[in-house]
Each structure stands twice: as structure tokens, then as C-alpha cells.
Amino acid sequence: MKIVTGNDLKTGAVTWWTGVDWSLYVDDAVDVAEQGEAIAAREEAARRVNAPYVIEADKTADGVRPAHIKDRIRALGPTVRMDLTLKPADPESRDWVI
Amino acid sequence: MYQYDKYDQAMVDARVAEYRDQVRRRLEGKLTEDQFKPLRLQNGLYLQLHAYMLRVAVPYGTLNARQMHKLADIADKYDRGYGHFTTRQNIQYNWIKLEETPDLLAELASVEMHAIQTSGNCIRNISSDHYAGAAADELVDPRPYAELLRQWSSFHPEFLHLPRKFKIAVIASETDRAAMRLHDIGIRIVRNDAGEVGAAFYVGGGMGRTPMIAPCIREFVPLDQLVTYSEACLRVYNRHGRRDNKYKARIKILVHELGAEEYARQVEEEFAHLLTQGIEPPLAELERIGAYFADPPFETGASDTLDLSDPDFALWVERNCHAHKQPGYISATISLKPVGGIPGDASAEQMHLMAQIAELYSFDEMRVTHAQNIVLPHIRKADLYAVWQQLDEAGLGTANLDGIGDIIACPGLDYCSLANARSIPVAQKISERFAANGKGDTLGELKLKISGCINACGHHHAGHIGILGVDRKGTENYQLLLGGSEAADTSLGKITGPGFDEDGIVNAVETAADVYLRERQEGERFLDTYRRIGMEPFKEALYG
Ligand code: SF4
């Protein structure tokens, strides 16, 4: 699947396109097929996101998993500060990244 | 240390006001990101993996307690309770919100700090020896010269759009503690045969994709021509440096392609012209600046002995302390590299504590080192045990300076959008491995440096052992380098061979260390043994 990600303009937080809005959680990301660039351009122009881009991801039983490690780290948070990630209590989330 | 005069303060305050307006216009949609990006970068604000990242300048690494307390407060108020000290003697915050940055910068300005020229193709924060003004082996304090150059290079209209970023280091001792020859311009303050103090200029060094050691292009520039000569160096670069190819745009490429002699000739020509223009500030200005760096009121006759009966303290003194020019005093380095920790990170609490200790015991001064540690430059030996106890209690008493646990690591793929691989977990695993197997204590000086990509912020080319993270078909891979140094015997590391995965690189470092332990002769450091026996025995052990 193809998904769109970027950073919130005001806060810089990593966000994912849900089809209607932006979410902090990668699992909310939807397949945008070939619409990614158009969505990115439209949302950036509306100042709802900064520096958006389209990436490849897999829809797995556990949710949406970006293809590249960089985006998995963006999705979770730094692997060296699990206390600051979106899933601080989940000991397996680090494995999900790597 | 230097204190802003009304001009410095007015300039920084004006910049905050200007930036506040730029942020407002960006958030209101009056500026696009393309228009805004160069403006935020001029104020040190990047967009990184998880959020905006702000890089704050710490001129030549010198800080007072008030400033460190403010950095801690900023970590708490605007970030997530910590900061990352960098190899440019700066501090970075990783979780900054754009909408809050004008207030943050205003708070910084209230303690004479800013983030100006910490990004972009301009002259960046000027670095120096972290023991400046304290070291027993220095000729003079190099910081007045660094400060003069800071003032010259700040907002210099001609050099705000150079072909590429530009880094200057100033030192004043034979021992190079600032990687001087790996800078665009490295300046060593020297004394000539006539006994006059001046500056030797090394131009065209750097790390990154194409590492180069700067050649000396002039052995002696009189102090009353320091700015003029620097201006000539920059002008030749600004005129001829390549703007068509980002990877060939640094001055090292220009000096290399022209040849040091031809570059120096062109600089001399420009220098002769500039001398007629009278751009040099009067020497009185240097003297005015120098007065801020006068020695603190050291106690004369302070006891020069230390009670080393506590073995942990004795080890810390042996490893982390440095001889001071004043009898009865010593410089102490606070390691920000606890076993398994994140190199260079400090919590707000730790920053507050370091500030308190500096205020009480070190004449209100600290230094950020390029190795991502903090120096307390002027501790009375009589106070050293009390200082160490307080540090140790807060997890800041690790005795590992310049050893294998004192690893330089850039933020890597955990934070940096340019990264190919994570640096920090590798550093953590190596420091844990060598602490657990006890070998760390037997290795002596072994400088290990890790970068998460070819940009080399982690100085991997200059590590006795260097590690470079690369992307191999979407997975992290690590190249091993041996034989680099950023000290007075500057050299560039060589790649051993094929790379390793994350666990493999930790094993490879241990293998290289084992070769050293097996082969070393009396008094040899890892680097000395490597230089004597060469790469082959290491290759054999790693790949054989
Ligand atoms: S070396 Fe590369 S990965 Fe590391 S901080 Fe610099 S740009 Fe980022």
C-alpha cells in the first residue's frame, strides 16, 4: 500500500494521512493508491502538514508497517528512548521497528 | 567570559523580533515552506525525524551557570526534559514546536545566547580548546581570538551565502584538542622566532564525504591582521568555491583542486589588497575582548595535593582530570557517557546540577567539548572530592575520558533525517560490552567515533576506531575504520573491508581491540600499535 506522511506544521509531530485528516498513529494511515502526491500538495497548501511525502507500507495483521526503517522510527519514536515513544509500555514495539 | 555589550544584545533581540514575525507569517500562510525554510535555518531550526530540532550556539563551548540553567529550563519547558551536546560544542533540542520557537529564542537572548548561524551556508559557531584559559600547556587563551572572529563572522553580509557551510577552530597549544586541522580554517596561535604572538593558518580540512587534513597555508599572521587574513581566505573561497555541486562545494575541495600553494598565493594577493582597505579592527578591540577572558581570582598558595585514598575517586582523577596552569587547581571533565547511556545527552536535572557545581566550584564556568562532554575548567584541588561525590551521585561521575566508553556518536537514524543507520544503539552496545567484559579498563586511550551517515558529524574518520552507518538495500550496515586521529597527529581512518550488521560491528570492535591487546608493546596506545603493525593483522582477525 501507499501512505502519506509528514510533520504537523505547528508542532512538528509526525503525522499520517487517514483519508480525512492527519493522525499521530501510523495504524490510522490509509492506502492512497495513486492519489498520494495530490493529497500531499493539497494538504501542504492548506498548512495542515509540513514536508509531506508518499511511502510504501505493508498492511499486516498487526497494523500498518512502513517499508523503510526510517519511517518506522518516525512512526514509533527514537528506539533509544522507549519512554518517549508512542508505545512506551509495549516491549515489542522496538522489534517492530527493527 | 565574554559578555554582550549593548550592540550584541540589540542585534540578537532584533533577530528574535524579526523571526517572531516570520513565524507568524508562516503560520498564517503568508510564507510557503520554501520561503520560510531558509529563514528558520538561519535561526538554527531544522525539521528532523520526529519534530523540529533547534541547535543553539555555544561560542567556543564556553557557558556560565545562568546559561546552563536556562538550557535546562528550556529542555523542561519546550522540549522533553533533555538536550544533546554536539561535536560542534553546541546543544540541540529534539522535540521543538515551531509555534513556540520565538518565545524560546527570546528566553535564550535573555542569557546572551542564540541559534543564529548554526545552520546554512555561513560561518558556523567557532570552536576551540575546551581547556582554554586553564590548560598548563597553552601559549595563551585562544578564546579572545575566537570571540573576535565570532564578532567578525556574525551577520557578515559577504559570507552569509557561501558555497557551503564553513567551520573555524582556534587553538593555542601544541596539543590539539579541537580537531583543528579537520576544519575549513584551523588557527593555531603561535609564537614566532622573534617572540611575537601570531596565528598559523591551516585551510581546507574537513570530514564528511571527502575527508581532508588542512595544509598550513601561512605559518604566521600578525595578530593585528587576523581578521584581514581570515577575510582574504573566505573571499577566495567565496569567489571560486563550487556552487554547482553540493558535494564539491566545501573549501577543502577548492584548496585540493587548486593546490595549497596556489590557494595560498591567491589569498596573499587578496590579503595585500584588503590591507589597503583598513578593515582590521583596532588592536584595542582585541584588548577589550581579552579583558573578559582574564584569569578568575585564583587563590594563591592553594594546596596542590589530592587525597586519593578513595579508589573510585582516584580513577576518576586519573582519567577525567587535566593539569591546570594554576598550582592548586585542576580541570575536570564530566563524562556524558555513562555505560549504556546516550552519548552527549543530559537531562535538565543534570544540567542544573552541573550549573550549580560550576557556580560554586569553577568560577561560574563550563565548557562543552567536541567529544560531547562538559568541562569544569577551574576546580580547586581541595574541592575536587566534594565535586566528584556530587557528580557521581547524579550519574555524572563515569571515569572513562578518552577510553573506549567515551564514544562520540551523532544522533543517527534515531533522530536525524539524513541518517542511514542508527549510531546511538551501537555506542550503547559497545560501551556495555566493554564494561561487562572488563576490557575497557585495560585498553587505555582508544577513541571510538560513530556517524550515522557520510556527513561524519560523529567524526568517524578521526576515530582510532571509527564506525560509519550505511544503508545496504534498506537495512542498516556498519563500516569499520581504523587509524584516525583528530589530535596533533591528525590522520584519517581507513576502512577495514566489508561492513557488518549491528551485532556484527560490536563484535568487530572487540576483535580489533583484542588484536591490539595481543600486539601492543609497552606504552603503546591502540593508535600507536595500529600505526606500527598496519591494517593486515586486524583484517586477518576480522575477516580471515
Ligand atoms: S552524521 Fe549523518 S546521521 Fe549523523 S547527525 Fe550527521 S547528518 Fe545525521
# chains A, B, ... in the order shown; residues from 1 in each chain; ligands from 1
call {"tool": "select_by_dssp", "arguments": {"residues": "stretch 136-199 of chain B", "states": "alpha helix (DSSP H)", "output": "list in words"}}
result
Arg143, Pro144, Tyr145, Ala146, Glu147, Leu148, Leu149, Arg150, Gln151, Trp152 and Ser153 of chain B
call {"tool": "write_last_selection", "arguments": {"atoms": "N, CA and C atoms", "output": "short mmCIF file (atom, residue, chain, number, x, y, z; two decimals), in the first residue's frame"}}
result
data_model
loop_
_atom_site.label_atom_id
_atom_site.label_comp_id
_atom_site.auth_asym_id
_atom_site.auth_seq_id
_atom_site.Cartn_x
_atom_site.Cartn_y
_atom_site.Cartn_z
N ARG B 143 40.54 31.97 23.34
CA ARG B 143 39.16 32.42 23.19
C ARG B 143 38.99 33.89 22.79
N PRO B 144 39.86 34.80 23.23
CA PRO B 144 39.67 36.17 22.72
C PRO B 144 39.74 36.24 21.19
N TYR B 145 40.60 35.40 20.60
CA TYR B 145 40.71 35.39 19.14
C TYR B 145 39.47 34.76 18.52
N ALA B 146 39.00 33.70 19.18
CA ALA B 146 37.76 33.07 18.70
C ALA B 146 36.60 34.06 18.81
N GLU B 147 36.57 34.82 19.87
CA GLU B 147 35.49 35.80 20.05
C GLU B 147 35.58 36.92 19.01
N LEU B 148 36.81 37.38 18.76
CA LEU B 148 36.97 38.41 17.74
C LEU B 148 36.43 37.90 16.40
N LEU B 149 36.78 36.66 16.08
CA LEU B 149 36.32 36.09 14.81
C LEU B 149 34.82 35.83 14.84
N ARG B 150 34.28 35.52 16.02
CA ARG B 150 32.82 35.36 16.13
C ARG B 150 32.13 36.68 15.78
N GLN B 151 32.67 37.76 16.31
CA GLN B 151 32.05 39.05 16.05
C GLN B 151 32.18 39.44 14.57
N TRP B 152 33.35 39.13 14.02
CA TRP B 152 33.58 39.44 12.59
C TRP B 152 32.63 38.61 11.71
N SER B 153 32.44 37.35 12.08
CA SER B 153 31.70 36.47 11.17
C SER B 153 30.18 36.52 11.39
#
call {"tool": "residues_near_ligand", "arguments": {"ligand": "ligand 1", "cutoff": "10 Å", "atoms": "only C-alpha atoms and all ligand atoms", "output": "NGL selection string"}}
result
:B and (48 or 86-87 or 208 or 409-424 or 450-460 or 468-470)
call {"tool": "interface_residues", "arguments": {"of": "chain A", "to": "chain B", "cutoff": "6 Å", "atoms": "only C-alpha atoms", "output": "ChimeraX atom specification"}}
result
/A:10-14,74,78
call {"tool": "atom_distance", "arguments": {"atom1": "atom CA of B:His273", "atom2": "atom CA of B:Arg235"}}
result
11.4 Å
call {"tool": "residues_around", "arguments": {"residues": "B:Pro297", "least_positions_apart": "5", "cutoff": "12 Å", "atoms": "only C-alpha atoms", "output": "NGL selection string"}}
result
:B and (302 or 326 or 329 or 362-364 or 378 or 380)
call {"tool": "select_by_dssp", "arguments": {"residues": "stretch 9-59 of chain A", "states": "strand (DSSP E)", "output": "PyMOL selection string"}}
result
chain A and resi 14-17+22-23+50-59
call {"tool": "write_last_selection", "arguments": {"atoms": "C-alpha atoms", "output": "PDB file, in the first residue's frame"}}
result
ATOM      1  CA  VAL A  14       4.927  13.050  12.773  1.00  0.00           C
ATOM      2  CA  THR A  15       1.517  12.551  11.207  1.00  0.00           C
ATOM      3  CA  TRP A  16      -0.174  10.082   8.841  1.00  0.00           C
ATOM      4  CA  TRP A  17      -2.992  10.722   6.362  1.00  0.00           C
ATOM      5  CA  TRP A  22      -3.976  13.547   9.979  1.00  0.00           C
ATOM      6  CA  SER A  23      -3.272  11.143  12.828  1.00  0.00           C
ATOM      7  CA  ASN A  50       4.717  20.214   6.517  1.00  0.00           C
ATOM      8  CA  ALA A  51       7.008  18.401   4.084  1.00  0.00           C
ATOM      9  CA  PRO A  52       4.597  15.533   3.279  1.00  0.00           C
ATOM     10  CA  TYR A  53       5.716  12.593   1.171  1.00  0.00           C
ATOM     11  CA  VAL A  54       4.386   9.280  -0.070  1.00  0.00           C
ATOM     12  CA  ILE A  55       5.869   5.983   1.132  1.00  0.00           C
ATOM     13  CA  GLU A  56       5.394   2.271   0.657  1.00  0.00           C
ATOM     14  CA  ALA A  57       3.950   0.310   3.562  1.00  0.00           C
ATOM     15  CA  ASP A  58       2.506  -3.108   4.307  1.00  0.00           C
ATOM     16  CA  LYS A  59      -0.857  -3.841   5.824  1.00  0.00           C
TER      17      LYS A  59
END
call {"tool": "residues_around", "arguments": {"residues": "B:Leu182", "least_positions_apart": "3", "cutoff": "9 Å", "atoms": "only C-alpha atoms", "output": "ChimeraX atom specification"}}
result
/B:169,178-179,185-186,203-207,211-214,462,486,490
call {"tool": "write_last_selection", "arguments": {"atoms": "N, CA and C atoms", "output": "mmCIF file, in the first residue's frame"}}
result
data_model
loop_
_atom_site.group_PDB
_atom_site.id
_atom_site.type_symbol
_atom_site.label_atom_id
_atom_site.label_comp_id
_atom_site.auth_asym_id
_atom_site.auth_seq_id
_atom_site.Cartn_x
_atom_site.Cartn_y
_atom_site.Cartn_z
ATOM 1 N N ALA B 169 38.125 26.688 13.754
ATOM 2 C CA ALA B 169 38.552 26.343 15.119
ATOM 3 C C ALA B 169 39.798 27.149 15.456
ATOM 4 N N ALA B 178 40.910 20.206 19.591
ATOM 5 C CA ALA B 178 39.731 20.735 18.904
ATOM 6 C C ALA B 178 39.626 20.245 17.460
ATOM 7 N N ALA B 179 40.403 19.224 17.106
ATOM 8 C CA ALA B 179 40.391 18.713 15.730
ATOM 9 C C ALA B 179 40.642 19.849 14.735
ATOM 10 N N ILE B 185 38.824 26.290 8.333
ATOM 11 C CA ILE B 185 40.027 27.022 8.728
ATOM 12 C C ILE B 185 40.377 26.603 10.152
ATOM 13 N N GLY B 186 41.597 26.158 10.334
ATOM 14 C CA GLY B 186 42.107 25.886 11.675
ATOM 15 C C GLY B 186 43.168 26.924 11.986
ATOM 16 N N VAL B 203 44.174 25.658 6.201
ATOM 17 C CA VAL B 203 42.919 25.854 5.470
ATOM 18 C C VAL B 203 42.612 24.635 4.596
ATOM 19 N N GLY B 204 41.337 24.252 4.609
ATOM 20 C CA GLY B 204 40.893 23.200 3.691
ATOM 21 C C GLY B 204 40.826 21.823 4.309
ATOM 22 N N GLY B 205 40.624 21.766 5.616
ATOM 23 C CA GLY B 205 40.405 20.462 6.232
ATOM 24 C C GLY B 205 38.917 20.187 6.336
ATOM 25 N N GLY B 206 38.595 18.973 6.685
ATOM 26 C CA GLY B 206 37.181 18.659 6.885
ATOM 27 C C GLY B 206 36.951 17.167 6.882
ATOM 28 N N MET B 207 35.782 16.793 7.302
ATOM 29 C CA MET B 207 35.445 15.373 7.324
ATOM 30 C C MET B 207 34.422 15.107 6.217
ATOM 31 N N PRO B 211 37.087 13.373 3.263
ATOM 32 C CA PRO B 211 37.867 13.910 4.386
ATOM 33 C C PRO B 211 39.235 14.410 3.942
ATOM 34 N N MET B 212 39.647 15.531 4.507
ATOM 35 C CA MET B 212 40.959 16.097 4.167
ATOM 36 C C MET B 212 41.571 16.712 5.422
ATOM 37 N N ILE B 213 42.884 16.640 5.481
ATOM 38 C CA ILE B 213 43.608 17.296 6.575
ATOM 39 C C ILE B 213 44.112 18.629 6.039
ATOM 40 N N ALA B 214 43.829 19.705 6.755
ATOM 41 C CA ALA B 214 44.156 21.037 6.240
ATOM 42 C C ALA B 214 45.665 21.254 6.183
ATOM 43 N N ALA B 462 38.049 10.286 12.113
ATOM 44 C CA ALA B 462 39.117 10.674 13.041
ATOM 45 C C ALA B 462 39.143 9.812 14.292
ATOM 46 N N GLU B 486 42.253 12.953 15.545
ATOM 47 C CA GLU B 486 41.994 14.378 15.346
ATOM 48 C C GLU B 486 42.872 15.214 16.272
ATOM 49 N N THR B 490 47.104 14.373 13.484
ATOM 50 C CA THR B 490 45.880 14.114 12.714
ATOM 51 C C THR B 490 46.105 13.083 11.605
#
call {"tool": "residues_around", "arguments": {"residues": "B:Gly241", "least_positions_apart": "5", "cutoff": "12 Å", "atoms": "only C-alpha atoms", "output": "list of chain:residue names"}}
result
B:Asn121, B:His161, B:Leu162, B:Pro163, B:Arg164, B:Lys165, B:Phe166, B:Gly204, B:Cys233, B:Leu234, B:Arg235, B:Val236, B:Lys246, B:Tyr247, B:Lys248, B:Ala249, B:Arg250, B:Ile251, B:Lys252, B:Ile253, B:Leu254, B:Val255, B:His256, B:Glu257, B:Leu258, B:Tyr263
call {"tool": "residues_around", "arguments": {"residues": "A:Thr18", "least_positions_apart": "4", "cutoff": "10 Å", "atoms": "only C-alpha atoms", "output": "list in words"}}
result
Ile3, Val4, Thr5, Trp22, Ser23, Leu24, Tyr25, Val26, Asp27, Asp28, Ala29, Val30, Asp31 and Val32 of chain A
call {"tool": "atom_distance", "arguments": {"atom1": "atom CA of B:Glu112", "atom2": "atom CA of B:Asp8"}}
result
8.4 Å
call {"tool": "residues_around", "arguments": {"residues": "B:Ala136", "least_positions_apart": "2", "cutoff": "6 Å", "atoms": "only C-alpha atoms", "output": "PyMOL selection string"}}
result
chain B and resi 138+323-325
